[in-house]
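Raw contents of run_12.cif, mmCIF, C-alpha atoms:
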```
data_target
loop_
_atom_site.label_atom_id
_atom_site.label_comp_id
_atom_site.auth_asym_id
_atom_site.auth_seq_id
_atom_site.Cartn_x
_atom_site.Cartn_y
_atom_site.Cartn_z
CA MET A 5 -8.34 -42.51 -22.52
CA SER A 6 -9.92 -45.70 -23.71
CA GLY A 7 -11.83 -45.38 -27.00
CA LEU A 8 -10.37 -41.99 -27.89
CA ILE A 9 -7.88 -41.03 -30.55
CA VAL A 10 -6.63 -37.46 -30.27
CA TRP A 11 -4.78 -35.69 -33.07
CA ARG A 12 -3.62 -32.12 -32.57
CA THR A 13 -2.55 -29.88 -35.40
CA SER A 14 -1.16 -26.45 -36.13
CA MET A 15 -1.11 -26.83 -39.91
CA ALA A 16 -1.64 -24.07 -42.42
CA GLY A 17 -5.14 -23.74 -43.91
CA LEU A 18 -6.32 -23.63 -47.49
CA SER A 19 -6.67 -19.85 -47.51
CA SER A 20 -6.12 -17.01 -45.11
CA ASN A 21 -9.85 -17.18 -44.22
CA THR A 22 -9.98 -20.90 -43.49
CA PRO A 23 -10.32 -21.64 -39.77
CA LEU A 24 -7.72 -24.18 -38.67
CA PRO A 25 -8.50 -27.19 -36.52
CA VAL A 26 -6.68 -27.13 -33.20
CA ASP A 27 -8.00 -30.46 -31.95
CA ILE A 28 -9.58 -33.46 -33.66
CA THR A 29 -10.86 -36.20 -31.35
CA LEU A 30 -12.53 -39.43 -32.38
CA HIS A 31 -14.98 -40.77 -29.81
CA SER A 32 -15.16 -44.38 -31.03
CA VAL A 33 -17.89 -45.59 -28.70
CA SER A 34 -20.34 -42.79 -29.56
CA ARG A 35 -19.09 -42.71 -33.18
CA MET A 36 -18.52 -38.95 -33.12
CA LEU A 37 -15.67 -36.86 -34.48
CA GLU A 38 -15.14 -33.74 -32.40
CA VAL A 39 -13.38 -30.90 -34.19
CA LYS A 40 -12.31 -27.66 -32.51
CA PHE A 41 -11.21 -24.73 -34.66
CA ASP A 42 -8.98 -21.77 -33.89
CA ASP A 43 -11.90 -19.34 -34.24
CA GLY A 44 -13.66 -21.01 -31.29
CA ALA A 45 -16.09 -23.10 -33.35
CA GLN A 46 -16.50 -26.64 -32.10
CA PHE A 47 -18.48 -29.43 -33.75
CA LYS A 48 -19.40 -33.01 -32.83
CA LEU A 49 -20.01 -34.74 -36.14
CA PRO A 50 -21.47 -38.26 -36.29
CA CYS A 51 -19.40 -40.73 -38.29
CA GLU A 52 -22.51 -41.64 -40.29
CA TYR A 53 -22.94 -37.98 -41.27
CA LEU A 54 -19.31 -37.69 -42.36
CA ARG A 55 -19.59 -40.93 -44.36
CA VAL A 56 -22.74 -39.95 -46.25
CA PHE A 57 -21.40 -36.43 -46.90
CA SER A 58 -17.91 -37.55 -47.86
CA PRO A 59 -16.26 -35.21 -50.38
CA SER A 60 -15.33 -38.23 -52.51
CA ALA A 61 -16.37 -38.52 -56.15
CA GLU A 62 -18.21 -41.73 -55.23
CA VAL A 63 -20.59 -39.79 -52.97
CA ARG A 64 -20.61 -36.49 -54.84
CA GLY A 65 -21.69 -38.23 -58.04
CA HIS A 66 -18.69 -37.39 -60.24
CA GLY A 67 -20.08 -33.91 -60.90
CA GLY A 68 -23.74 -34.92 -60.94
CA PRO A 69 -26.22 -34.92 -58.09
CA MET A 70 -25.08 -36.08 -54.68
CA LYS A 71 -25.77 -39.77 -54.11
CA THR A 72 -27.99 -40.91 -51.27
CA ILE A 73 -25.94 -43.51 -49.39
CA PRO A 74 -28.18 -45.73 -47.21
CA GLY A 75 -27.32 -48.19 -44.46
CA LYS A 76 -24.50 -46.30 -42.74
CA GLN A 77 -26.00 -45.80 -39.27
CA ALA A 78 -23.43 -48.07 -37.57
CA VAL A 79 -20.37 -46.92 -39.54
CA ASN A 80 -17.36 -45.76 -37.56
CA ILE A 81 -14.05 -44.11 -38.35
CA ILE A 82 -11.13 -46.51 -37.92
CA ALA A 83 -8.29 -44.18 -38.91
CA ILE A 84 -7.56 -40.48 -39.32
CA GLU A 85 -4.63 -39.78 -41.63
CA PRO A 86 -3.19 -36.27 -42.11
CA VAL A 87 -2.87 -35.14 -45.73
CA GLY A 88 -0.34 -32.39 -46.20
CA HIS A 89 -1.16 -29.23 -44.30
CA TYR A 90 -4.76 -28.91 -45.41
CA ALA A 91 -6.84 -32.06 -44.81
CA VAL A 92 -7.38 -35.45 -43.23
CA LYS A 93 -8.36 -38.70 -44.86
CA LEU A 94 -10.97 -40.51 -42.82
CA VAL A 95 -11.00 -44.28 -43.12
CA PHE A 96 -14.44 -45.69 -42.39
CA SER A 97 -15.29 -49.13 -41.03
CA ASP A 98 -17.16 -49.99 -44.26
CA GLY A 99 -13.92 -49.59 -46.23
CA HIS A 100 -14.64 -46.13 -47.66
CA ASP A 101 -11.46 -44.02 -47.65
CA SER A 102 -11.42 -41.95 -50.82
CA GLY A 103 -12.59 -38.55 -49.61
CA LEU A 104 -10.22 -35.85 -48.37
CA PHE A 105 -11.75 -33.70 -45.67
CA GLY A 106 -10.08 -30.32 -46.04
CA TRP A 107 -10.32 -27.87 -43.19
CA ASP A 108 -12.89 -25.84 -45.13
CA VAL A 109 -14.97 -28.98 -45.77
CA LEU A 110 -14.94 -30.03 -42.10
CA TYR A 111 -15.87 -26.51 -41.04
CA ALA A 112 -18.72 -26.28 -43.56
CA LEU A 113 -20.02 -29.73 -42.55
CA GLY A 114 -20.06 -28.54 -38.96
CA MET A 115 -21.78 -25.25 -39.72
CA GLU A 116 -24.37 -26.86 -42.01
CA HIS A 117 -24.92 -30.08 -40.04
CA ALA A 118 -28.62 -29.58 -39.18
CA VAL A 119 -29.66 -28.56 -42.71
CA ASN A 120 -27.53 -31.25 -44.40
CA TRP A 121 -28.79 -33.95 -42.07
CA GLN A 122 -32.46 -33.09 -42.65
CA ASP A 123 -31.86 -33.05 -46.41
CA TYR A 124 -30.25 -36.49 -46.16
CA LEU A 125 -33.17 -37.90 -44.13
CA ASN A 126 -35.62 -36.46 -46.67
CA ARG A 127 -33.70 -38.02 -49.57
CA LEU A 128 -33.62 -41.38 -47.77
CA ALA A 129 -37.37 -41.29 -47.18
CA ALA A 130 -38.10 -40.25 -50.77
CA SER A 131 -36.00 -43.10 -52.14
CA GLY A 132 -37.41 -45.73 -49.76
CA PHE A 133 -33.99 -46.33 -48.20
CA SER A 134 -33.07 -46.67 -44.55
CA ARG A 135 -30.18 -45.77 -42.30
CA ASP A 136 -30.00 -49.45 -41.26
CA ALA A 137 -27.07 -51.54 -42.48
CA ASP A 138 -29.28 -54.18 -44.08
CA GLN A 139 -30.16 -51.78 -46.92
CA PRO A 140 -28.25 -52.17 -50.20
CA GLU A 141 -26.47 -49.11 -51.63
#
```

Mind turning the file's structure into structure tokens?
Amino acid sequence: MSGLIVWRTSMAGLSSNTPLPVDITLHSVSRMLEVKFDDGAQFKLPCEYLRVFSPSAEVRGHGGPMKTIPGKQAVNIIAIEPVGHYAVKLVFSDGHDSGLFGWDVLYALGMEHAVNWQDYLNRLAASGFSRDADQPE
């Protein structure tokens, strides 16, 4: 299908309790990553959300507080690269590619999407930043 990249996996998880993804589909036009897990959970995660909640040290603040990354509303994922049997590296259209999204991370981001997203919007508002791309980081 045009605009879709599908990657199927049957890789081992990080622990015996980690749900495994059975299907990862990038919907480029809507900028959504759809992830289906073997426990039946299914999430549609916006690329912007994945970018601003990247597990990279750049975003996570090298052990400090999580950074508020503005201006990523139009970001997309341009590549999905498998990493071993436990994660994918998402390459974003803004050049960010340093976070590894383990199966547990993807699952948690899906489960906590609403709370995380509201927290992000609150942090943006408090800092005077915007989701628009014309904002500096």

Please determine, counting all atoms listed in the file, which residue among A:Lys76, A:Arg64, A:Arg127, A:Arg135 has the shortest atom-to-atom distance to A:Ser102.
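Once distances to A:Ser102 are computed over all atoms listed in the file, the minimum belongs to A:Arg64.
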
Here atom CA of A:Gly103 and atom CA of A:Gly44 stand apart by 25.4 Å

A:Gly75 environment, 6 Å, only C-alpha atoms, sequence neighbours closer than 5 positions dropped, as number ranges by chain:
A: 134-137, 139

Separation of atom CA of A:Ala61 from atom CA of A:Leu128 in Å:
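Going from atom CA of A:Leu128 over to atom CA of A:Ala61 covers 19.4 Å.
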
Neighbours of stretch 89-100 of chain A within 9 Å (only C-alpha atoms; same-chain residues fewer than 3 positions away dropped), as a PyMOL selection string?
chain A and resi 14-18+24+51+54-55+76+78-86+103-110

For A:Ala129, which of A:Asp101, A:Pro74, A:Gly114, A:His31 is the closest residue, counting all atoms listed in the file?
A:Pro74

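When you apply the PyMOL selection byres ((chain A and resi 40) around 12) to this structure, what comes back is A:Val10, A:Trp11, A:Arg12, A:Thr13, A:Ser14, A:Pro23, A:Leu24, A:Pro25, A:Val26, A:Asp27, A:Ile28, A:Thr29, A:Leu30, A:Leu37, A:Glu38, A:Val39, A:Phe41, A:Asp42, A:Asp43, A:Gly44, A:Ala45, A:Gln46, A:Phe47, A:Lys48, A:Leu49, A:Trp107, A:Leu110, A:Tyr111, A:Gly114.
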
For each of A:Met70, A:Glu62, A:Met36, A:Thr22, take the minimum atom-to-atom distance to A:Tyr124, counting all atoms listed in the file, then give the residue where this is smallest.
A:Met70

Distance of atom CA of A:Phe133 from atom CA of A:Pro59, expressed in Å to one decimal place
21.0 Å

Which is closer to A:Lys71 than all the others in A:Ser34, A:Asn21, A:Gln122, A:Ser58, using only C-alpha atoms?
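That would be A:Ser58, the residue with the smallest distance to A:Lys71.
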
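For A:Asp123, the residues within 12 Å (counting all atoms listed in the file, excluding itself and residues fewer than 2 positions away along the chain) are Tyr53, Val56, Phe57, Met70, Lys71, Thr72, Glu116, His117, Ala118, Val119, Asn120, Trp121, Leu125, Asn126, Arg127, Leu128, Ala129 and Ala130 of chain A.
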
From the set A:Gln77, A:Pro69, A:Ser20, A:Val63, which residue has the shortest atom-to-atom contact distance to A:Pro50, counting all atoms listed in the file?
A:Gln77

Could you give me the centre and size, in Å to one decimal, of an axis-aligned box around all listed atoms of stretch 37-54 of chain A with 8 Å added on every side, as JSON?
```
{"center_x": -16.0, "center_y": -30.5, "center_z": -36.8, "size_x": 30.0, "size_y": 38.3, "size_z": 27.1}
```

Reconstructed N, CA and C atoms for stretch 19-32 of chain A, given as a tab-separated table (two decimals), in the coordinates of the input:
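Contents of the output file result.tsv:
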```tsv
chain	number	residue	atom	x	y	z
A	19	SER	N	-6.74	-21.27	-47.18
A	19	SER	CA	-6.67	-19.85	-47.51
A	19	SER	C	-6.51	-19.08	-46.21
A	20	SER	N	-6.29	-17.80	-46.32
A	20	SER	CA	-6.12	-17.01	-45.11
A	20	SER	C	-7.41	-16.91	-44.30
A	21	ASN	N	-8.55	-17.23	-44.91
A	21	ASN	CA	-9.85	-17.18	-44.22
A	21	ASN	C	-10.29	-18.51	-43.65
A	22	THR	N	-9.58	-19.58	-43.94
A	22	THR	CA	-9.98	-20.90	-43.49
A	22	THR	C	-9.63	-21.10	-42.02
A	23	PRO	N	-10.64	-21.33	-41.16
A	23	PRO	CA	-10.32	-21.64	-39.77
A	23	PRO	C	-9.51	-22.94	-39.72
A	24	LEU	N	-8.57	-23.00	-38.80
A	24	LEU	CA	-7.72	-24.18	-38.67
A	24	LEU	C	-8.17	-25.02	-37.49
A	25	PRO	N	-8.17	-26.35	-37.66
A	25	PRO	CA	-8.50	-27.19	-36.52
A	25	PRO	C	-7.34	-27.16	-35.52
A	26	VAL	N	-7.70	-27.08	-34.25
A	26	VAL	CA	-6.68	-27.13	-33.20
A	26	VAL	C	-6.75	-28.44	-32.43
A	27	ASP	N	-7.84	-29.18	-32.63
A	27	ASP	CA	-8.00	-30.46	-31.95
A	27	ASP	C	-9.03	-31.29	-32.72
A	28	ILE	N	-8.67	-32.52	-33.02
A	28	ILE	CA	-9.58	-33.46	-33.66
A	28	ILE	C	-9.57	-34.71	-32.79
A	29	THR	N	-10.75	-35.06	-32.25
A	29	THR	CA	-10.86	-36.20	-31.35
A	29	THR	C	-11.93	-37.16	-31.86
A	30	LEU	N	-11.57	-38.40	-32.01
A	30	LEU	CA	-12.53	-39.43	-32.38
A	30	LEU	C	-13.03	-40.11	-31.12
A	31	HIS	N	-14.33	-40.06	-30.92
A	31	HIS	CA	-14.98	-40.77	-29.81
A	31	HIS	C	-15.56	-42.05	-30.42
A	32	SER	N	-14.80	-43.14	-30.35
A	32	SER	CA	-15.16	-44.38	-31.03
A	32	SER	C	-16.47	-44.97	-30.55
```
